[in-house]
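Q: Questions regarding the structure given below will be posed in turn.
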Amino acid sequence: MFNLDTVDHATATPDEELPWAELGLKDNEFAEIKKVLGRRPTHAELAMYSVMWSEHCSYKSSKVHLRQFGEKVTDEMRQDLMVGIGENAGVTDIGDGWAVTFKIESHNSPSFVEPYQGAATGVGGIVRDIISMGARPVAVMDALRFGPIDYPDTQRVLPGVVAGIGGYGNSLGLPNIGGETEFDECYRGNPLVNALAVGALRHEDLRTANASGVGNQVVLFGARTGGDGIGGASVLASESFDDTKPSKRPAVQVGDPFAEKVLIEACLELFHSGLVEGIQDLGAAGISCATSELASNGEGGMHVDLTQVLLRDPSLTPSEILMSESQERMMAVVTPEKLADFEAVMDKWEVEYSVLGEVTDTNRLVIEWDGEVIVDVDPRTVAHDGPEYHRPYHRPDSQDALAADHFQALDFQAPEADLRQTILDLLSTPNLADTSWITAQYDSYVQGNTAMAEPDDAGVIRVDETTGLGIAVATDCNSRFTTLDPYTGAQASLAEAYRNVATSGARPVAVSDCLNFGSPEDPAVMWQFAEAVRGLADGCLELGIPVTGGNVSLYNSTGSQAIHPTPVVAVLGVHQNVENRVPSGWQSAHAGHVIYLLGTTADELDGSELARMHGHLGGVPPQVDLAADKALAQLLQTAAQRQLISAAHDLSGGGLVAGLAEACLRFQVGAECELNHVADRDGIDLPTLLFSESQGRAIVSVPPVQVTALEQLAEAHHVPLAQIGAVTASTSLHINGLEPLMFSEINRTRANLISEYFG
């Protein structure tokens with residue numbers, strides 16, 4: 001039996017020792033909790049504060065920098081923003097009474113500990129964020145990073161993560177429309193699993209997380225509460241906080257996608273019937289988080305009877321119930337007169353529920369167990385008024401040496417043979433290899449509204465079947481560039497996602513980000529973080545698109561070795577009609593179409609995939625010209641609407657040669673290109689033109705009858721362009737005088753590399 005620690009007992013025993021340090025609190029934080037309460041906290045209160053004041057929940061080291069996302073905005077950027085940062089997910093108006101909500105979050109540590117469930121529950125959690133805004137989830141994506149492809153633990157982690165993402169998403173009936181996969185030594189002991197979900201809703205269905213209206217009922221519904229997840233974000237082990245006791249619970253949540261599928265449908269019926277006043281999903285910190293956030297966002301307080309929680313495990317103590325991170329649960333605020341109708345919907349979908357309490361006018365969150373008060377707090381002090389740290393940060397001395405260590409361009413002694421073999425070697429590296437072994441495990445076309453999916457540059461989903469209104473989404477990050485220069489590298493990640501949406505023909509309108517970094521207690525890491533956030537905020541301001549929400553994941557380190565700074569950026573775009581979408585590769589009907597290179601190329605090989613292939617990381621990243629990227633995006637959107645282009649592909653990792661190969665391999669249709677005149681124009685040699693990763697570039701194919709129109713459009717937008725070749729009815733890529741690169745030769749390694757390691 002546990003000893004119940006009540007508020008009365010805490011008041012009467014001010015000197016009782018509490019394990020605040022074991023729960024991750026600093027001495028100043030524990031002192032502040034006692035000051036806020038005017039007494040020592042109960043065990044339950046201590047557990048609540050410890051997790052809600054953690055980096056994961058409070059952003060205590062990052063929010064001083066994140067405020068830039070709300071400060072560096074214009075009225076024009078806010079014009080279509082219905083819900084911004086601070087809610088479960090941002091919401092953007094896309095026209096015709098439709099809105100879209102999307103968000104990306106991390107589930108890194110759980111996916112390393114238990115790859116399948118860690119990744120699966122990452123998908124489940126981000127989908128519930130979308131549901132809680134009143135939206136129907138319509139698609140998911142994932143951004144994955146692992147250690148070297150041949151590292152033994154990558155063999156354990158990657159297959160489980162991919163199976164978890166596919167198993168959960170496929171079971172929900174949600175198409176997985178894209179993402180990215182990267183292999184690098186820095187992720188060997190700390191893989192990254194970032195999951196994105198997107199949902200669509202009518203304006204009138206929008207919901208937010210707040211508990212208002214005295215007397216309104218607080219209802220917990222969905223799966224029963226169990227012991228899984230305790231010790232994860234909550235860091236709670238047992239009522240007595242003794243790690244050696246049998247009540248130690250598993251740290252990784254266990255997901256049930258079929259329960260979540262039913263939960264989705266039940267929630268949507270609640271929304272459409274107007275039966276909830278506020279709603280919140282249960283993620284990190286479980287009931288303690290949901291109750292404190294709902295109450296804090298509302299106009300009063302909340303009273304909860306914890307004994308009413310339906311349990312899978314009757315041995316759970318009150319603190320464990322509060323902190324359990326069991327999946328597939330939601331909390332709603334319902335008026336008394338609508339409670340019967342609410343219950344009818346629950347019964348229809350066979351979803352279990354229990355009324356835990358009600359909204360009050362006390363401005364306090366009071367939680368009882370068996371008639372005894374175990375929590376009595378101001379909810380704002382738990383959910384919103386946590387610590388805020390101005391962590392010291394500075395540019396490390398080593399950055400100068402890193403910036404001076406430029407990649408030496410290869411000396412092709414026998415140009416034709418050496419260059420051709422280098423191309424083949426590059427296209428066979430893990431980060432340019434065919435990822436279809438991974439994506440084949442995801443259903444990309446379920447629901448019938450997927451207009452494009454991987455390996456196209458952006459995933460495209462139809463939202464309105466009548467008008468064809470739809471959205472495009474892309475995620476990108478170049479952690480190597482961000483290591484070389486965090487400000488420029490973060491902007492390069494933003495620009496790449498922005499371009500990928502634009503190449504599909506969509507108009508970029510919103511950003512969500514997942515900022516993965518090392519320890520904030522390391523001034524060098526904190527400098528990387530501060531510079532990356534500054535770069536993203538400045539970049540979004542220049543591009544004119546707001547950050548609508550996201551996630552920060554810190555302490556991504558193995559021992560003292562941090563991962564590369566990895567600010568994953570997701571960009572959402574709008575298609576007025578998805579019929580005008582543009583694929584990333586040319587098709588057999590396009591033989592004879594003219595291929596153009598848009599943008600200019602500089603000698604920018606530092607941090608490139610060619611440099612990675614040679615084991616080099618140093619120098620300075622390619623320069624980012626966001627004005628040029630914006631002009632390029634506007635050209636691509638207009639060209640798509642006027643149907644001037646038949647294919648468009650962003651140039652990024654691997655440079656021009658990788659872009660040409662990917663455009664060919666997309667539909668197994670060839671091309672013949674002559675590039676010497678472009679190299680001469682840009683003042684570089686042919687290898688540099690092929691492998692440079694200069695920003696602001698794309699390749700497009702154009703029907704011959706539209707060539708003049710495209711050239712005029714490029715001139716009007718001040719976008720440099722050069723005709724570099726034509727689509728051919730062949731199965732090879734022919735560049736200059738090199739022996740043709742046969743698809744069978746390229747694919748010999750590229751198509752099978754990942755499957756050979758994991759299949």
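We name chains A, B, ... following the order of the structure tokens; residues begin at 1 in each chain, and ligands are numbered from 1 as shown.
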Can you list, as a PyMOL selection string, every protein, DNA or RNA residue that comes within 7 Å of A:His734 when you count only C-alpha atoms, leaving out same-chain residues fewer than 2 positions away?

A: chain A and resi 671-673+732+736+738-741

Q: Which residues in stretch 113-243 of chain A does DSSP call helix (DSSP H, G or I)? List them as number ranges by chain.

A: A: 113, 115-131, 152-172, 185-187, 203-205

Q: Mind listing the strand (DSSP E) residues of stretch 76-241 of chain A, per DSSP on the backbone, as a short mmCIF file (atom, residue, chain, number, x, y, z; two decimals) with N, CA and C atoms, in the first residue's frame?

A:
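Written file, part.cif:
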data_model
loop_
_atom_site.label_atom_id
_atom_site.label_comp_id
_atom_site.auth_asym_id
_atom_site.auth_seq_id
_atom_site.Cartn_x
_atom_site.Cartn_y
_atom_site.Cartn_z
N LEU A 81 -3.90 33.15 -41.08
CA LEU A 81 -3.61 32.35 -39.89
C LEU A 81 -4.79 32.39 -38.93
N MET A 82 -5.47 31.26 -38.77
CA MET A 82 -6.62 31.19 -37.88
C MET A 82 -6.21 30.84 -36.46
N VAL A 83 -5.21 29.98 -36.31
CA VAL A 83 -4.66 29.62 -35.00
C VAL A 83 -3.15 29.53 -35.16
N GLY A 90 -1.16 24.57 -35.44
CA GLY A 90 -1.58 25.77 -36.13
C GLY A 90 -2.66 25.47 -37.15
N VAL A 91 -3.47 26.48 -37.46
CA VAL A 91 -4.55 26.33 -38.43
C VAL A 91 -4.48 27.47 -39.44
N THR A 92 -4.54 27.13 -40.72
CA THR A 92 -4.43 28.11 -41.80
C THR A 92 -5.66 28.04 -42.70
N ASP A 93 -6.22 29.18 -43.01
CA ASP A 93 -7.34 29.29 -43.95
C ASP A 93 -6.81 29.06 -45.36
N ILE A 94 -7.39 28.11 -46.10
CA ILE A 94 -6.95 27.86 -47.48
C ILE A 94 -8.03 28.24 -48.49
N GLY A 95 -9.12 28.85 -48.02
CA GLY A 95 -10.14 29.33 -48.94
C GLY A 95 -11.36 28.43 -49.03
N TRP A 98 -12.57 26.30 -46.14
CA TRP A 98 -11.72 25.21 -45.68
C TRP A 98 -10.51 25.75 -44.92
N ALA A 99 -10.05 24.99 -43.96
CA ALA A 99 -8.82 25.29 -43.24
C ALA A 99 -8.00 24.01 -43.12
N VAL A 100 -6.72 24.19 -42.92
CA VAL A 100 -5.82 23.04 -42.76
C VAL A 100 -4.98 23.25 -41.51
N THR A 101 -4.80 22.19 -40.75
CA THR A 101 -3.94 22.22 -39.58
C THR A 101 -2.82 21.19 -39.76
N PHE A 102 -1.61 21.57 -39.39
CA PHE A 102 -0.51 20.61 -39.51
C PHE A 102 0.55 20.91 -38.46
N LYS A 103 1.31 19.89 -38.12
CA LYS A 103 2.35 20.04 -37.09
C LYS A 103 3.31 18.86 -37.19
N ILE A 104 4.57 19.14 -36.82
CA ILE A 104 5.58 18.09 -36.78
C ILE A 104 6.19 18.06 -35.39
N GLU A 105 6.40 16.85 -34.86
CA GLU A 105 6.97 16.68 -33.52
C GLU A 105 7.93 15.52 -33.51
N SER A 106 8.75 15.47 -32.47
CA SER A 106 9.76 14.42 -32.33
C SER A 106 9.28 13.32 -31.40
N ARG A 136 -10.27 16.53 -39.45
CA ARG A 136 -10.09 15.12 -39.83
C ARG A 136 -8.67 14.97 -40.35
N PRO A 137 -7.87 14.09 -39.76
CA PRO A 137 -6.52 13.84 -40.29
C PRO A 137 -6.61 13.32 -41.72
N VAL A 138 -5.77 13.84 -42.61
CA VAL A 138 -5.82 13.42 -44.01
C VAL A 138 -4.50 12.84 -44.50
N ALA A 139 -3.41 13.03 -43.76
CA ALA A 139 -2.13 12.49 -44.22
C ALA A 139 -1.10 12.57 -43.11
N VAL A 140 -0.06 11.75 -43.23
CA VAL A 140 1.08 11.81 -42.32
C VAL A 140 2.36 11.81 -43.15
N MET A 141 3.44 12.26 -42.53
CA MET A 141 4.77 12.23 -43.13
C MET A 141 5.77 11.92 -42.02
N ASP A 142 7.01 11.61 -42.39
CA ASP A 142 8.02 11.36 -41.38
C ASP A 142 9.38 11.82 -41.87
N ALA A 143 10.17 12.35 -40.95
CA ALA A 143 11.55 12.76 -41.22
C ALA A 143 12.44 11.93 -40.31
N LEU A 144 13.26 11.06 -40.89
CA LEU A 144 14.00 10.05 -40.12
C LEU A 144 15.50 10.24 -40.30
N ARG A 145 16.24 10.04 -39.20
CA ARG A 145 17.69 10.10 -39.27
C ARG A 145 18.28 8.99 -38.41
N PHE A 146 19.22 8.26 -39.02
CA PHE A 146 19.81 7.10 -38.37
C PHE A 146 21.33 7.19 -38.45
N ASN A 176 0.64 8.02 -46.11
CA ASN A 176 1.95 8.60 -45.82
C ASN A 176 2.48 9.15 -47.14
N ILE A 177 2.59 10.48 -47.23
CA ILE A 177 2.82 11.10 -48.53
C ILE A 177 4.24 11.63 -48.73
N GLY A 178 5.14 11.39 -47.78
CA GLY A 178 6.50 11.84 -48.00
C GLY A 178 7.30 11.98 -46.73
N GLY A 179 8.48 12.56 -46.87
CA GLY A 179 9.39 12.74 -45.76
C GLY A 179 10.81 12.63 -46.25
N GLU A 180 11.69 12.18 -45.38
CA GLU A 180 13.10 12.07 -45.74
C GLU A 180 13.78 11.05 -44.83
N THR A 181 14.85 10.47 -45.34
CA THR A 181 15.65 9.53 -44.57
C THR A 181 17.12 9.87 -44.77
N GLU A 182 17.84 10.01 -43.67
CA GLU A 182 19.27 10.35 -43.75
C GLU A 182 20.06 9.43 -42.85
N PHE A 183 21.26 9.08 -43.30
CA PHE A 183 22.19 8.28 -42.51
C PHE A 183 23.43 9.12 -42.23
N LEU A 192 16.78 10.13 -34.94
CA LEU A 192 15.69 11.09 -34.86
C LEU A 192 14.48 10.56 -35.60
N VAL A 193 13.33 10.58 -34.95
CA VAL A 193 12.06 10.20 -35.55
C VAL A 193 11.11 11.36 -35.37
N ASN A 194 10.92 12.13 -36.44
CA ASN A 194 10.03 13.29 -36.43
C ASN A 194 8.80 12.95 -37.26
N ALA A 195 7.63 13.05 -36.65
CA ALA A 195 6.38 12.68 -37.32
C ALA A 195 5.53 13.92 -37.56
N LEU A 196 4.92 13.97 -38.72
CA LEU A 196 4.05 15.08 -39.11
C LEU A 196 2.67 14.55 -39.45
N ALA A 197 1.67 15.32 -39.08
CA ALA A 197 0.29 15.00 -39.49
C ALA A 197 -0.37 16.27 -39.99
N VAL A 198 -1.28 16.10 -40.91
CA VAL A 198 -2.03 17.22 -41.48
C VAL A 198 -3.50 16.85 -41.51
N GLY A 199 -4.35 17.83 -41.21
CA GLY A 199 -5.78 17.58 -41.20
C GLY A 199 -6.53 18.71 -41.87
N ALA A 200 -7.74 18.42 -42.30
CA ALA A 200 -8.59 19.41 -42.97
C ALA A 200 -9.88 19.58 -42.18
N LEU A 201 -10.39 20.80 -42.15
CA LEU A 201 -11.61 21.08 -41.42
C LEU A 201 -12.33 22.26 -42.06
N ARG A 202 -13.63 22.30 -41.85
CA ARG A 202 -14.40 23.50 -42.19
C ARG A 202 -14.18 24.53 -41.09
N GLN A 217 -18.82 20.00 -17.57
CA GLN A 217 -18.26 18.72 -17.15
C GLN A 217 -16.94 18.42 -17.85
N VAL A 218 -16.02 17.83 -17.10
CA VAL A 218 -14.72 17.41 -17.63
C VAL A 218 -14.78 15.90 -17.83
N VAL A 219 -14.64 15.47 -19.08
CA VAL A 219 -14.81 14.06 -19.42
C VAL A 219 -13.54 13.50 -20.04
N LEU A 220 -13.08 12.38 -19.52
CA LEU A 220 -11.96 11.64 -20.10
C LEU A 220 -12.53 10.50 -20.92
N PHE A 221 -12.11 10.39 -22.19
CA PHE A 221 -12.66 9.31 -23.02
C PHE A 221 -11.59 8.72 -23.91
N GLY A 222 -11.84 7.50 -24.36
CA GLY A 222 -10.88 6.76 -25.16
C GLY A 222 -10.41 5.53 -24.42
#

Q: Between A:Val446, A:Gly301, A:Tyr757, A:Ala403, which residue has the minimum interatomic distance to A:Asp150, considering only C-alpha atoms?

A: A:Tyr757

Q: Near A:Glu496, counting only C-alpha atoms, which residues have an atom at most 8 Å away, once you skip same-chain residues fewer than 4 positions from it, shown as number ranges by chain?

A: A: 476-477, 492, 500, 650, 652, 695

Q: For A:Val511, which of A:Ile85, A:Leu356, A:Ala433, A:Val7 is the closest residue, counting only C-alpha atoms?

A: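 Among the listed residues, the smallest separation from A:Val511 belongs to A:Ile85.
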